[in-house]
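Here is the file model_17.cif (mmCIF, C-alpha atoms and all ligand atoms).
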data_run
#
loop_
_atom_site.label_atom_id
_atom_site.label_comp_id
_atom_site.auth_asym_id
_atom_site.auth_seq_id
_atom_site.Cartn_x
_atom_site.Cartn_y
_atom_site.Cartn_z
CA MET A 1454 122.71 113.63 105.02
CA ASN A 1455 119.01 113.21 104.56
CA SER A 1456 117.17 113.28 107.89
CA ASN A 1457 115.12 110.24 106.87
CA ALA A 1458 118.14 108.11 106.20
CA ARG A 1459 119.46 105.45 108.55
CA ARG A 1460 122.77 106.42 110.16
CA GLY A 1461 125.48 103.86 110.79
CA ALA A 1462 127.19 101.00 109.06
CA ASN A 1463 124.08 99.68 107.35
CA ALA A 1464 122.62 100.92 104.10
CA ARG A 1465 120.50 104.01 104.47
CA PHE A 1466 117.04 103.56 102.95
CA ILE A 1467 114.76 106.46 102.07
CA GLY A 1468 111.50 104.92 100.86
CA ILE A 1469 109.67 103.13 98.05
CA ASP A 1470 110.82 104.45 94.68
CA ALA A 1471 108.59 102.37 92.39
CA VAL A 1472 106.13 99.51 92.15
CA VAL A 1473 106.04 97.46 88.95
CA TYR A 1474 103.02 95.50 87.72
CA GLY A 1475 102.81 93.04 84.86
CA VAL A 1476 99.46 93.68 83.16
CA GLU A 1477 97.48 92.50 80.13
CA ASP A 1478 94.90 95.26 79.73
CA MET A 1479 97.14 98.31 79.40
CA ASP A 1480 94.27 100.68 78.52
CA LEU A 1481 92.17 99.72 81.54
CA CYS A 1482 95.11 99.95 83.92
CA HIS A 1483 96.18 103.29 82.45
CA ARG A 1484 92.70 104.68 83.01
CA PHE A 1485 92.74 103.39 86.60
CA PHE A 1486 95.97 105.10 87.64
CA ASP A 1487 95.14 108.21 85.59
CA ASP A 1488 91.87 108.55 87.52
CA TRP A 1489 93.81 107.76 90.72
CA GLY A 1490 95.69 111.02 90.16
CA LEU A 1491 99.12 109.97 88.89
CA ARG A 1492 100.84 111.84 86.06
CA THR A 1493 101.69 109.82 82.94
CA LEU A 1494 105.40 110.19 82.14
CA LYS A 1495 105.59 107.63 79.35
CA ARG A 1496 103.05 105.52 77.49
CA ASP A 1497 103.57 103.02 74.70
CA ASN A 1498 102.44 99.48 73.98
CA ASP A 1499 105.17 97.95 76.14
CA GLU A 1500 105.29 100.14 79.20
CA ILE A 1501 103.43 102.91 81.01
CA VAL A 1502 105.26 104.98 83.63
CA PHE A 1503 103.32 107.11 86.11
CA GLU A 1504 104.77 109.57 88.57
CA THR A 1505 103.60 110.74 92.00
CA ARG A 1506 104.02 114.42 92.91
CA GLN A 1507 107.31 113.76 94.65
CA GLY A 1508 108.63 111.46 91.93
CA PRO A 1509 108.26 107.78 92.95
CA GLN A 1510 106.67 105.79 90.15
CA VAL A 1511 104.08 103.18 89.24
CA ILE A 1512 105.25 101.17 86.23
CA LEU A 1513 102.95 98.95 84.16
CA ARG A 1514 104.70 96.45 81.87
CA ASN A 1515 102.78 94.64 79.16
CA VAL A 1516 103.10 90.94 79.95
CA THR A 1517 102.44 89.99 76.33
CA THR A 1518 105.40 91.99 74.96
CA GLN A 1519 107.85 92.37 77.83
CA ALA A 1520 110.31 89.93 79.35
CA PHE A 1521 110.80 90.03 83.13
CA PRO A 1522 114.07 89.09 84.85
CA PHE A 1523 112.27 86.68 87.19
CA PRO A 1524 109.21 84.43 86.76
CA PRO A 1525 105.98 85.73 88.33
CA PRO A 1526 104.96 84.51 91.77
CA ALA A 1527 101.86 82.43 91.20
CA PRO A 1528 99.02 82.50 91.83
CA GLY A 1529 97.97 86.00 92.82
CA PRO A 1530 97.95 89.61 91.76
CA PRO A 1531 100.56 90.51 89.15
CA LEU A 1532 102.73 92.82 91.20
CA ARG A 1533 106.22 92.11 89.88
CA GLU A 1534 108.59 94.27 91.87
CA VAL A 1535 108.88 96.80 94.69
CA VAL A 1536 111.86 99.13 94.18
CA TRP A 1537 113.40 100.73 97.27
CA GLY A 1538 115.34 103.97 97.22
CA VAL A 1539 118.66 104.24 99.07
CA ALA A 1540 120.56 107.39 100.00
CA SER A 1541 123.67 107.04 97.78
CA GLU A 1542 125.70 104.83 95.46
CA HIS A 1543 127.66 103.74 98.53
CA ASP A 1544 124.45 102.55 100.18
CA LEU A 1545 123.45 100.75 97.00
CA GLY A 1546 126.78 98.94 97.10
CA LEU A 1547 126.18 97.91 100.72
CA VAL A 1548 122.75 96.51 99.85
CA GLY A 1549 124.13 94.62 96.85
CA GLU A 1550 126.91 93.14 98.99
CA GLN A 1551 124.48 92.07 101.69
CA LEU A 1552 121.97 90.57 99.21
CA SER A 1553 124.61 88.61 97.34
CA LYS A 1554 125.37 86.60 100.50
CA SER A 1555 121.99 84.90 100.29
CA ARG A 1556 120.61 85.31 96.75
CA LYS A 1557 121.25 86.03 93.11
CA THR A 1558 121.30 89.69 92.12
CA THR A 1559 121.30 91.40 88.73
CA LEU A 1560 122.05 95.00 87.76
CA SER A 1561 119.95 96.67 85.07
CA SER A 1562 121.17 99.45 82.77
CA ASP A 1563 119.36 102.14 84.83
CA GLY A 1564 121.49 101.28 87.88
CA THR A 1565 118.82 99.26 89.72
CA VAL A 1566 119.91 96.15 91.63
CA HIS A 1567 117.31 93.38 91.37
CA ALA A 1568 116.70 90.32 93.54
CA VAL A 1569 113.74 88.17 94.61
CA ASP A 1570 112.16 88.28 98.07
CA PRO A 1571 111.31 85.09 100.03
CA TYR A 1572 107.83 85.02 98.50
CA GLY A 1573 108.94 85.17 94.86
CA TYR A 1574 108.27 88.88 94.32
CA GLY A 1575 110.89 91.04 92.70
CA VAL A 1576 112.63 93.51 94.98
CA GLY A 1577 114.79 96.26 93.51
CA PHE A 1578 117.11 98.92 94.91
CA ARG A 1579 118.31 102.16 93.38
CA VAL A 1580 119.61 105.55 94.45
CA TRP A 1581 116.82 107.89 95.61
CA ARG A 1582 116.50 110.85 93.23
CA HIS A 1583 113.79 112.79 95.02
CA GLY A 1584 113.53 115.14 98.00
CA PRO A 1585 113.32 114.22 101.70
CA VAL A 1586 110.18 112.23 102.45
CA ALA A 1587 109.09 114.32 105.43
CA SER A 1588 109.68 117.71 103.81
CA THR A 1589 106.87 120.02 102.81
CA HIS A 1590 107.91 119.43 99.19
CA ASN A 1591 105.47 121.04 96.82
CA MET A 1592 102.84 121.48 99.52
CA ASP A 1593 100.01 123.94 99.41
CA PRO A 1594 100.33 125.65 102.83
CA ALA A 1595 96.55 125.91 103.15
CA SER A 1596 96.35 122.13 103.31
CA THR A 1597 98.53 121.93 106.40
CA ARG A 1598 96.96 124.63 108.58
CA THR A 1599 94.26 123.49 110.98
CA ASN A 1600 92.09 125.15 113.58
CA PHE A 1601 92.07 122.94 116.67
CA VAL A 1602 91.34 123.83 120.26
CA GLY A 1603 94.24 125.91 121.48
CA ALA A 1604 95.82 126.08 118.03
CA ARG A 1605 94.13 128.42 115.55
CA GLN A 1606 96.50 128.26 112.58
CA ARG A 1607 94.22 129.27 109.69
CA ILE A 1608 92.96 132.83 110.16
CA SER A 1609 90.62 134.47 107.64
CA GLU A 1610 91.44 131.73 105.15
CA PRO A 1611 89.03 128.98 104.06
CA ALA A 1612 90.26 125.39 104.36
CA ILE A 1613 91.26 123.54 101.21
CA HIS A 1614 88.91 121.27 99.21
CA TYR A 1615 90.21 118.79 96.65
CA ALA A 1616 88.36 118.09 93.38
CA ARG A 1617 90.56 115.01 92.98
CA ALA A 1618 93.64 113.45 94.58
CA GLU A 1619 97.18 113.82 93.34
CA PRO A 1620 99.17 111.29 95.40
CA THR A 1621 102.43 112.69 96.73
CA ARG A 1622 104.40 109.48 97.22
CA ILE A 1623 104.23 105.73 97.74
CA GLY A 1624 104.10 105.11 101.49
CA HIS A 1625 103.98 101.35 101.93
CA VAL A 1626 103.20 97.94 100.53
CA VAL A 1627 101.46 95.09 102.31
CA PHE A 1628 101.71 91.36 101.66
CA GLU A 1629 99.41 88.68 102.99
CA ILE A 1630 101.40 85.79 104.42
CA SER A 1631 100.37 82.21 105.05
CA GLY A 1632 101.45 81.97 108.70
CA PRO A 1633 104.35 81.95 111.19
CA GLU A 1634 106.83 80.21 108.87
CA ALA A 1635 106.24 82.75 106.10
CA LEU A 1636 106.63 85.50 108.70
CA ARG A 1637 110.01 84.10 109.76
CA GLU A 1638 111.15 84.09 106.13
CA GLY A 1639 110.06 87.70 105.80
CA GLU A 1640 111.85 88.68 109.01
CA GLN A 1641 115.07 87.07 107.81
CA PHE A 1642 114.92 89.11 104.64
CA TYR A 1643 113.57 92.50 105.73
CA LEU A 1644 114.98 92.65 109.27
CA ASP A 1645 118.16 90.54 109.18
CA CYS A 1646 119.30 91.11 105.60
CA LEU A 1647 118.01 94.63 104.85
CA ASN A 1648 118.03 95.79 108.48
CA PHE A 1649 114.59 97.39 108.42
CA SER A 1650 113.24 98.51 111.84
CA VAL A 1651 110.38 96.75 113.62
CA SER A 1652 107.46 99.09 114.34
CA ASP A 1653 104.77 96.74 115.69
CA ARG A 1654 103.91 93.05 115.67
CA TYR A 1655 100.79 90.90 115.67
CA GLY A 1656 102.66 88.20 117.61
CA ASP A 1657 103.68 85.48 115.13
CA ARG A 1658 100.90 86.54 112.74
CA GLY A 1659 102.15 89.86 111.46
CA LEU A 1660 104.88 92.46 111.30
CA PHE A 1661 104.89 96.17 110.53
CA CYS A 1662 108.33 97.54 109.74
CA ARG A 1663 109.95 100.62 108.30
CA CYS A 1664 112.94 100.97 106.02
CA ALA A 1665 114.64 103.59 108.25
CA GLU A 1666 114.41 104.41 111.94
CA GLU A 1667 112.93 107.79 111.02
CA SER A 1668 110.07 106.86 108.77
CA ASP A 1669 106.34 106.28 108.51
CA HIS A 1670 104.94 103.70 110.93
CA HIS A 1671 105.36 101.10 108.20
CA ASN A 1672 106.82 100.95 104.73
CA ILE A 1673 106.05 97.25 104.48
CA ALA A 1674 103.71 94.99 106.44
CA LEU A 1675 103.46 91.20 106.37
CA LEU A 1676 100.09 90.07 107.71
CA THR A 1677 98.49 86.66 108.17
CA THR A 1678 94.89 86.74 106.98
CA ARG A 1679 92.05 84.26 107.12
CA HIS A 1680 93.04 83.16 103.59
CA GLN A 1681 96.37 81.80 104.92
CA ARG A 1682 98.10 82.50 101.61
CA THR A 1683 101.14 84.52 100.70
CA GLN A 1684 100.53 87.20 98.12
CA PHE A 1685 100.65 90.92 97.44
CA GLU A 1686 97.78 92.79 99.10
CA HIS A 1687 98.02 96.55 98.51
CA VAL A 1688 100.15 99.58 97.79
CA ALA A 1689 99.41 102.81 99.66
CA PHE A 1690 99.78 106.36 98.38
CA GLU A 1691 100.18 109.27 100.74
CA VAL A 1692 98.06 112.31 99.97
CA ARG A 1693 98.50 115.76 101.48
CA ASP A 1694 95.89 115.62 104.23
CA VAL A 1695 92.67 113.92 105.29
CA HIS A 1696 90.63 116.19 103.02
CA GLU A 1697 92.48 114.78 100.01
CA VAL A 1698 91.67 111.24 101.19
CA PHE A 1699 87.95 112.08 101.18
CA GLY A 1700 87.83 114.46 98.18
CA GLY A 1701 90.09 112.20 96.14
CA GLY A 1702 88.13 109.09 97.06
CA VAL A 1703 84.79 110.67 96.14
CA HIS A 1704 86.19 111.70 92.74
CA PHE A 1705 87.70 108.28 92.12
CA ALA A 1706 84.50 106.44 93.08
CA GLU A 1707 82.50 108.71 90.76
CA HIS A 1708 84.68 107.43 87.92
CA GLY A 1709 83.31 103.95 88.56
CA TRP A 1710 86.08 102.33 90.59
CA ASP A 1711 85.00 100.07 93.46
CA THR A 1712 85.69 100.73 97.12
CA ALA A 1713 87.26 97.77 98.92
CA VAL A 1714 86.91 99.39 102.34
CA GLY A 1715 86.82 102.98 103.48
CA PRO A 1716 87.00 105.68 104.24
CA GLY A 1717 88.08 104.80 107.74
CA ARG A 1718 90.77 105.34 110.32
CA HIS A 1719 93.45 102.84 111.23
CA LYS A 1720 94.21 102.28 114.89
CA VAL A 1721 97.66 100.82 114.22
CA SER A 1722 99.47 103.72 112.43
CA SER A 1723 96.55 106.14 113.12
CA ALA A 1724 96.18 106.96 109.41
CA TYR A 1725 92.96 107.85 107.65
CA PHE A 1726 92.44 105.49 104.70
CA TRP A 1727 90.32 104.61 101.68
CA TYR A 1728 91.03 101.37 99.77
CA PHE A 1729 89.93 100.55 96.22
CA ALA A 1730 90.09 97.33 94.18
CA ASN A 1731 92.81 97.56 91.53
CA PRO A 1732 92.36 95.88 88.11
CA CYS A 1733 96.18 95.71 87.89
CA GLY A 1734 96.21 93.49 91.00
CA GLY A 1735 95.51 93.78 94.72
CA GLN A 1736 94.23 97.06 96.11
CA VAL A 1737 95.35 100.67 96.28
CA GLU A 1738 95.00 102.96 99.29
CA TYR A 1739 94.89 106.70 99.80
CA PHE A 1740 96.18 107.54 103.29
CA SER A 1741 97.05 110.55 105.37
CA ASP A 1742 98.20 111.45 108.89
CA THR A 1743 100.10 108.27 109.61
CA ASP A 1744 102.26 107.98 112.73
CA PHE A 1745 105.86 108.94 111.99
CA LEU A 1746 108.46 107.13 114.11
CA ASP A 1747 112.08 107.59 115.13
CA ALA A 1748 114.63 105.66 117.18
CA THR A 1749 112.74 106.38 120.43
CA TRP A 1750 109.75 104.25 119.30
CA LYS A 1751 109.19 101.06 121.29
CA PRO A 1752 107.63 98.29 119.15
CA ARG A 1753 104.32 97.00 120.46
CA THR A 1754 102.75 93.56 120.28
CA LEU A 1755 99.14 94.07 119.32
CA PRO A 1756 96.29 91.56 119.11
CA PRO A 1757 95.51 90.74 115.45
CA THR A 1758 91.91 91.79 115.94
CA PRO A 1759 89.71 94.13 113.89
CA ASP A 1760 89.69 96.80 116.59
CA SER A 1761 93.49 97.04 116.60
CA ILE A 1762 93.50 97.40 112.82
CA ALA A 1763 90.94 100.17 112.53
CA GLU A 1764 88.92 102.39 114.84
CA TRP A 1765 86.08 102.80 112.34
CA ALA A 1766 85.43 102.21 108.67
CA LEU A 1767 82.72 102.48 106.07
CA PHE A 1768 82.48 99.67 103.55
CA GLU A 1769 80.85 101.28 100.53
CA GLY A 1770 82.62 104.61 100.39
CA VAL A 1771 80.96 107.99 100.78
CA LYS A 1772 79.16 110.05 98.17
CA ARG A 1773 79.25 113.67 97.14
CA PHE A 1774 76.68 115.68 99.09
CA LYS A 1775 73.52 116.31 97.05
CA GLY A 1776 71.27 117.81 99.71
CA PHE A 1777 69.90 117.00 103.13
CA ARG A 1778 67.00 114.87 101.90
CA LYS A 1779 67.71 111.31 100.85
CA ALA A 1780 67.06 110.96 97.11
CA GLU A 1781 63.72 109.24 96.33
FE FE A 1801 97.87 100.28 104.05
#
Turn the structure described in the file into structure tokens.
Ligand SMILES: [Fe+2]
Amino acid sequence: MNSNARRGANARFIGIDAVVYGVEDMDLCHRFFDDWGLRTLKRDNDEIVFETRQGPQVILRNVTTQAFPFPPPAPGPPLREVVWGVASEHDLGLVGEQLSKSRKTTLSSDGTVHAVDPYGYGVGFRVWRHGPVASTHNMDPASTRTNFVGARQRISEPAIHYARAEPTRIGHVVFEISGPEALREGEQFYLDCLNFSVSDRYGDRGLFCRCAEESDHHNIALLTTRHQRTQFEHVAFEVRDVHEVFGGGVHFAEHGWDTAVGPGRHKVSSAYFWYFANPCGGQVEYFSDTDFLDATWKPRTLPPTPDSIAEWALFEGVKRFKGFRKAE
């Protein structure tokens, strides 16, 4: 059994296997995710499929040529579906059984079970085909060795520098929600129906939860913002280490894409981050060094204040170093 999988009677979830966008400008959105560091698996006029290093995918479907099983949530960014990976066909059956008690489900020819979440976004489930999330899958060992006080791990070996990012996996998605009622709807779906685990709460204004007890601090978060609307906010890609957050972000910004916020460091989850505006909808995030939780974690109730969200952040990115003197 995979060490990241939930044990017990409930379905064992592994992580996010795909996010699907409905887009109009396929060329622009291809360039965006190509610069972001994803590998193009398939590209035609109807659909573009990108792959992270571990295998989870970003899928762009052309809204002018493709039919979707469910109408789009409106208004808001055109994210159409988040697909979750489960440990086995048996687990997929358990999820399908549980979902069908409260909502319509469909099965597509690739074996994915589809439903709609409380906010109108598609939510899919299929058997995980990739390695364990927390493994050192395809890692460059130099990226993991650090020289801290009392722990010199990298001897006579320079540290790694990244010319660009190559995201390893999809870590989490975040939705803005309109308030306490929307949060309750989300809890009924993600906690009661899918049996995700609570990681932390912002009282009745937000929830961070993970799809398995042993998982990143959050695989999905539902957060009330000042906009008091319910819509997709961002998808986050894990990169190998903090150096890939910075090196990848510098490269991406140099290709003309706009920083939303970052780099910075979250307080909740502890991860280093860099967010960019996404022409396909919402934002994307590079992150690294998130808290990883297991069954011993005690959920906290945190104040929904800026200082509990992040310790520090820059708002216009950082630039490649060109010398100690500021350019005239
Ligand atoms: Fe995030």
Find the residues near A:Ser1562: any atom within 12 Å, counting all atoms listed in the file, skip ones fewer than 4 places away on the same chain, and give them as a PyMOL selection string. chain A and resi 1566-1567+1579
Here atom CA of A:Trp1710 and atom CA of A:Gly1770 stand apart by 10.6 Å
Discussion item. Using all atoms listed in the file, which protein or nucleic acid residues come within 8 Å of stretch 1618-1633 of chain A? Drop anything in the same chain fewer than 3 positions from it, and give the result as a PyMOL selection string.
Written reply: chain A and resi 1468-1471+1489-1491+1505-1510+1615+1636-1637+1657-1658+1669+1671-1678+1680-1693+1697-1698+1700-1702+1704+1739
**Asked** If you measure from atom CA of A:Cys1482 to atom CA of A:Arg1617, what distance in Å do you get, rounded to one decimal?
**Response**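 About the pair atom CA of A:Cys1482 and atom CA of A:Arg1617: they are 18.2 Å apart.
Residue nearest ligand FE 1801 (chain A), chosen from A:Ser1761, A:Ser1722, A:Asn1731, A:Thr1712 and counting all atoms listed in the file: A:Ser1722.
Across A:Ala1612, A:Leu1755, A:Val1771, A:Ala1748, the tightest approach to A:Asp1694 is made by A:Ala1612 when counting all atoms listed in the file.
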Problem set entry | Two-atom distance - atom CA of A:Lys1554, atom CA of A:Val1473 (Å) |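 Atom CA of A:Val1473 lies 25.0 Å from atom CA of A:Lys1554.
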Among listed residues A:Tyr1728, A:Trp1750, A:Phe1777, A:Tyr1572, nearest ligand FE 1801 (chain A) (using only C-alpha atoms and all ligand atoms) |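 Of the candidates, the smallest distance to ligand FE 1801 (chain A) is held by A:Tyr1728.
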Given the point (119.1, 95.1, 87.7) in the coordinates of this file, which residues lie within 12 Å, counting all atoms listed in the file, and how would they look as a PDB file with C-alpha atoms, in the frame of the given file?
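Heads up, here's the output in point-v7.pdb:
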ATOM      1  CA  PHE A1521     110.800  90.030  83.130  1.00  0.00           C
ATOM      2  CA  PRO A1522     114.070  89.090  84.850  1.00  0.00           C
ATOM      3  CA  PHE A1523     112.270  86.680  87.190  1.00  0.00           C
ATOM      4  CA  GLU A1534     108.590  94.270  91.870  1.00  0.00           C
ATOM      5  CA  VAL A1536     111.860  99.130  94.180  1.00  0.00           C
ATOM      6  CA  LEU A1545     123.450 100.750  97.000  1.00  0.00           C
ATOM      7  CA  GLY A1549     124.130  94.620  96.850  1.00  0.00           C
ATOM      8  CA  LYS A1557     121.250  86.030  93.110  1.00  0.00           C
ATOM      9  CA  THR A1558     121.300  89.690  92.120  1.00  0.00           C
ATOM     10  CA  THR A1559     121.300  91.400  88.730  1.00  0.00           C
ATOM     11  CA  LEU A1560     122.050  95.000  87.760  1.00  0.00           C
ATOM     12  CA  SER A1561     119.950  96.670  85.070  1.00  0.00           C
ATOM     13  CA  SER A1562     121.170  99.450  82.770  1.00  0.00           C
ATOM     14  CA  ASP A1563     119.360 102.140  84.830  1.00  0.00           C
ATOM     15  CA  GLY A1564     121.490 101.280  87.880  1.00  0.00           C
ATOM     16  CA  THR A1565     118.820  99.260  89.720  1.00  0.00           C
ATOM     17  CA  VAL A1566     119.910  96.150  91.630  1.00  0.00           C
ATOM     18  CA  HIS A1567     117.310  93.380  91.370  1.00  0.00           C
ATOM     19  CA  ALA A1568     116.700  90.320  93.540  1.00  0.00           C
ATOM     20  CA  VAL A1569     113.740  88.170  94.610  1.00  0.00           C
ATOM     21  CA  GLY A1575     110.890  91.040  92.700  1.00  0.00           C
ATOM     22  CA  VAL A1576     112.630  93.510  94.980  1.00  0.00           C
ATOM     23  CA  GLY A1577     114.790  96.260  93.510  1.00  0.00           C
ATOM     24  CA  PHE A1578     117.110  98.920  94.910  1.00  0.00           C
ATOM     25  CA  ARG A1579     118.310 102.160  93.380  1.00  0.00           C
TER      26      ARG A1579
END
**Report entry** Proximity to ligand FE 1801 (chain A) - best of A:Val1737, A:Ala1766, A:Leu1746, A:Val1472, all atoms listed in the file
**Finding:**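 Of the candidates, the smallest distance to ligand FE 1801 (chain A) is held by A:Val1737.
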**OP:** Could you check which of A:Phe1486, A:Asn1515, A:Leu1532, A:Val1502 is closest to A:Gly1735, using all atoms listed in the file?
**Re:**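 Smallest separation from A:Gly1735 among the options: A:Leu1532.
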### Message
For a quick check of understanding, using only C-alpha atoms and all ligand atoms, which of A:Leu1644, A:Val1548, A:Ala1763, A:Ile1613 has the smallest distance to ligand FE 1801 (chain A)?
### Response
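Residue with the minimum atom-to-atom distance to ligand FE 1801 (chain A): A:Ala1763.
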